Amino acid sequence: MELLALLFLSFCFLTLSGLTFGAESGSHVIVKEDDDAILSCSLNNMNIKPMLFDWRKDTERLQVFMYNNGILHNKGPPNQDKQFSGRVSHFPEELEHGNASIIIRKTKVIDSGSYTCEFPHLQPERIFHIELIVGASPLPVVRIFHNGRLQCEVRSASPEPTVEWWDSDNQRLPSEDPVVTEEGDIILKTTVTRTGLYRCVATQDSIKHQIYTETFVQLEVSDSTGWVVAGVVSVVLVGVLVCVAVLKARGYNCKKDSPRETSLF
Ligand SMILES: *[C@@H]1O[C@H](CO)[C@@H](O)[C@H](O)[C@H]1NC(C)=O
């Protein structure tokens, strides 16, 4: 009984990670959660040391960072939103080249959004737009139940991934509709009928990221199938023995002259 349980519970568990996060592209910056993000903003070859620039986020115009002629607003309220307190700095040595870029340290998913870099005192006023996406891509967690039932769970991924089951031929498996929990976790179930390698793939198209967990599923050999397999094997064995003992003694080549046995498969 224990052996049987072992048989249909035995599986290998491998985890492999696909692509890594892409770098900045145009006015889009994509980083992995906890990494630093540089948001670029520059007035070409203009000394901006004596000027004012103001970084804001989203339509709420959250205060991210402000530089005013050497004075920094980067220590939290009242001049900086507490979300960014102590995490944002600029590049002082770059100011004389017009570079008003900032770096946000240890990014969080909620830092994702639309940023503006503004020079409100310039005529005309200059405003730059930068989109930041902070991605979180946890490994899918796979569970195997009896009778080929598989469950994949992807927790707190951002942006929301597409979750799919694939087999080792890279074919997508039919599965039940994904369940999305209140916390944004995604659960996807399927049932497989053959022993083999299967993987749960989480794809985040907008950040060109894919990650998967691969698992080997050993399906239980049912009693009747077991008997059929054992029967065929013993018939062939008996056939080969008869062939060796009888026919070879008469000068036959058993490998050529045993079509009945092989046709048993
Ligand atoms: C501004 O300076 C930072 C830090 O040296 C650099 O990463 C960024 O590329 C610069 N931006 C521009 C537009 O030159």
# chains A, B, ... in the order shown; residues from 1 in each chain; ligands from 1
>>> residues_near_ligand(ligand="ligand 1", cutoff="10 Å", atoms="only C-alpha atoms and all ligand atoms", output="VMD selection string")
chain A and resid 37 to 45 90 to 95 97 to 103
>>> select_by_dssp(residues="range 46-252 of chain A", states="strand (DSSP E)", output="PyMOL selection string")
chain A and resi 52-57+62-68+71-73+88-90+102-104+113-119+126-135+141-144+149-154+162-167+179-180+186-191+196-204+209-217
>>> closest_residue(among="A:Asn69, A:Phe128, A:Lys49, A:His121", to="Glu96 in chain A", atoms="only C-alpha atoms")
A:Lys49
>>> closest_residue(among="A:Ser27, A:Ile71, A:Asp36, A:Leu122", to="Arg87 in chain A", atoms="only C-alpha atoms")
A:Asp36
>>> closest_residue(among="A:Glu176, A:Ile186, A:Val64, A:Val141", to="Cys200 in chain A", atoms="only C-alpha atoms")
A:Val141
>>> residues_around(residues="Glu131 in chain A", least_positions_apart="3", cutoff="7 Å", atoms="only C-alpha atoms", output="PDB file with C-alpha atoms, in the first residue's frame")
ATOM      1  CA  SER A  27       9.893  57.064 -21.588  1.00  0.00           C
ATOM      2  CA  HIS A  28       9.071  53.709 -20.015  1.00  0.00           C
ATOM      3  CA  VAL A  29      11.170  52.375 -17.177  1.00  0.00           C
ATOM      4  CA  GLY A 113       2.661  55.071 -12.310  1.00  0.00           C
ATOM      5  CA  SER A 114       3.031  58.220 -14.399  1.00  0.00           C
ATOM      6  CA  TYR A 115       5.737  60.634 -13.330  1.00  0.00           C
TER       7      TYR A 115
END
>>> closest_residue(among="A:Tyr212, A:Trp55, A:Phe145, A:Trp166", to="Asn74 in chain A", atoms="only C-alpha atoms")
A:Trp55
>>> select_by_dssp(residues="range 95-248 of chain A", states="alpha helix (DSSP H)", output="number ranges by chain")
A: 223-242
>>> write_last_selection(atoms="N, CA, C and O atoms", output="mmCIF file, in the first residue's frame")
data_model
loop_
_atom_site.group_PDB
_atom_site.id
_atom_site.type_symbol
_atom_site.label_atom_id
_atom_site.label_comp_id
_atom_site.auth_asym_id
_atom_site.auth_seq_id
_atom_site.Cartn_x
_atom_site.Cartn_y
_atom_site.Cartn_z
ATOM 1 N N ASP A 223 -4.540 -1.398 -11.642
ATOM 2 C CA ASP A 223 -4.320 -2.838 -11.494
ATOM 3 C C ASP A 223 -4.487 -3.577 -12.809
ATOM 4 O O ASP A 223 -3.663 -4.386 -13.192
ATOM 5 N N SER A 224 -5.568 -3.304 -13.552
ATOM 6 C CA SER A 224 -5.834 -4.057 -14.776
ATOM 7 C C SER A 224 -4.742 -3.800 -15.822
ATOM 8 O O SER A 224 -4.251 -4.722 -16.454
ATOM 9 N N THR A 225 -4.317 -2.527 -15.954
ATOM 10 C CA THR A 225 -3.252 -2.213 -16.903
ATOM 11 C C THR A 225 -1.988 -2.972 -16.517
ATOM 12 O O THR A 225 -1.288 -3.516 -17.360
ATOM 13 N N GLY A 226 -1.711 -3.004 -15.210
ATOM 14 C CA GLY A 226 -0.540 -3.710 -14.710
ATOM 15 C C GLY A 226 -0.538 -5.163 -15.170
ATOM 16 O O GLY A 226 0.464 -5.670 -15.671
ATOM 17 N N TRP A 227 -1.685 -5.809 -15.064
ATOM 18 C CA TRP A 227 -1.790 -7.215 -15.471
ATOM 19 C C TRP A 227 -1.575 -7.364 -16.959
ATOM 20 O O TRP A 227 -0.910 -8.268 -17.408
ATOM 21 N N VAL A 228 -2.128 -6.485 -17.738
ATOM 22 C CA VAL A 228 -1.964 -6.566 -19.193
ATOM 23 C C VAL A 228 -0.484 -6.447 -19.551
ATOM 24 O O VAL A 228 0.054 -7.256 -20.290
ATOM 25 N N VAL A 229 0.205 -5.457 -18.951
ATOM 26 C CA VAL A 229 1.620 -5.265 -19.250
ATOM 27 C C VAL A 229 2.414 -6.497 -18.842
ATOM 28 O O VAL A 229 3.201 -7.043 -19.614
ATOM 29 N N ALA A 230 2.164 -7.019 -17.633
ATOM 30 C CA ALA A 230 2.880 -8.197 -17.149
ATOM 31 C C ALA A 230 2.619 -9.385 -18.076
ATOM 32 O O ALA A 230 3.524 -10.145 -18.412
ATOM 33 N N GLY A 231 1.365 -9.531 -18.529
ATOM 34 C CA GLY A 231 1.005 -10.629 -19.422
ATOM 35 C C GLY A 231 1.788 -10.590 -20.716
ATOM 36 O O GLY A 231 2.389 -11.579 -21.126
ATOM 37 N N VAL A 232 1.841 -9.441 -21.340
ATOM 38 C CA VAL A 232 2.547 -9.291 -22.613
ATOM 39 C C VAL A 232 4.017 -9.621 -22.424
ATOM 40 O O VAL A 232 4.614 -10.377 -23.195
ATOM 41 N N VAL A 233 4.610 -9.078 -21.347
ATOM 42 C CA VAL A 233 6.034 -9.296 -21.113
ATOM 43 C C VAL A 233 6.318 -10.790 -20.947
ATOM 44 O O VAL A 233 7.243 -11.325 -21.544
ATOM 45 N N SER A 234 5.484 -11.525 -20.193
ATOM 46 C CA SER A 234 5.791 -12.938 -19.982
ATOM 47 C C SER A 234 5.581 -13.750 -21.258
ATOM 48 O O SER A 234 6.333 -14.663 -21.539
ATOM 49 N N VAL A 235 4.577 -13.386 -22.069
ATOM 50 C CA VAL A 235 4.373 -14.090 -23.333
ATOM 51 C C VAL A 235 5.610 -13.941 -24.206
ATOM 52 O O VAL A 235 6.127 -14.900 -24.766
ATOM 53 N N VAL A 236 6.140 -12.704 -24.296
ATOM 54 C CA VAL A 236 7.322 -12.463 -25.118
ATOM 55 C C VAL A 236 8.501 -13.245 -24.563
ATOM 56 O O VAL A 236 9.241 -13.897 -25.297
ATOM 57 N N LEU A 237 8.680 -13.209 -23.229
ATOM 58 C CA LEU A 237 9.799 -13.911 -22.610
ATOM 59 C C LEU A 237 9.737 -15.395 -22.939
ATOM 60 O O LEU A 237 10.720 -15.991 -23.359
ATOM 61 N N VAL A 238 8.547 -15.962 -22.777
ATOM 62 C CA VAL A 238 8.380 -17.387 -23.069
ATOM 63 C C VAL A 238 8.711 -17.647 -24.537
ATOM 64 O O VAL A 238 9.442 -18.562 -24.884
ATOM 65 N N GLY A 239 8.188 -16.787 -25.409
ATOM 66 C CA GLY A 239 8.446 -16.928 -26.836
ATOM 67 C C GLY A 239 9.934 -16.915 -27.143
ATOM 68 O O GLY A 239 10.439 -17.773 -27.886
ATOM 69 N N VAL A 240 10.669 -15.980 -26.574
ATOM 70 C CA VAL A 240 12.097 -15.861 -26.839
ATOM 71 C C VAL A 240 12.821 -17.108 -26.336
ATOM 72 O O VAL A 240 13.683 -17.659 -27.009
ATOM 73 N N LEU A 241 12.430 -17.574 -25.161
ATOM 74 C CA LEU A 241 13.089 -18.756 -24.602
ATOM 75 C C LEU A 241 12.864 -19.959 -25.497
ATOM 76 O O LEU A 241 13.781 -20.713 -25.797
ATOM 77 N N VAL A 242 11.603 -20.112 -25.963
ATOM 78 C CA VAL A 242 11.284 -21.230 -26.855
ATOM 79 C C VAL A 242 12.137 -21.128 -28.108
ATOM 80 O O VAL A 242 12.738 -22.091 -28.569
#
>>> atom_distance(atom1="CA of Asp58 in chain A", atom2="CA of Gly184 in chain A")
22.4 Å
>>> closest_residue(among="A:Leu52, A:Cys117, A:Val31, A:Val180", to="Ala136 in chain A", atoms="only C-alpha atoms")
A:Val31
>>> closest_residue(among="A:Thr107, A:Asn147, A:Thr193, A:Thr116", to="Asp54 in chain A", atoms="only C-alpha atoms")
A:Thr116
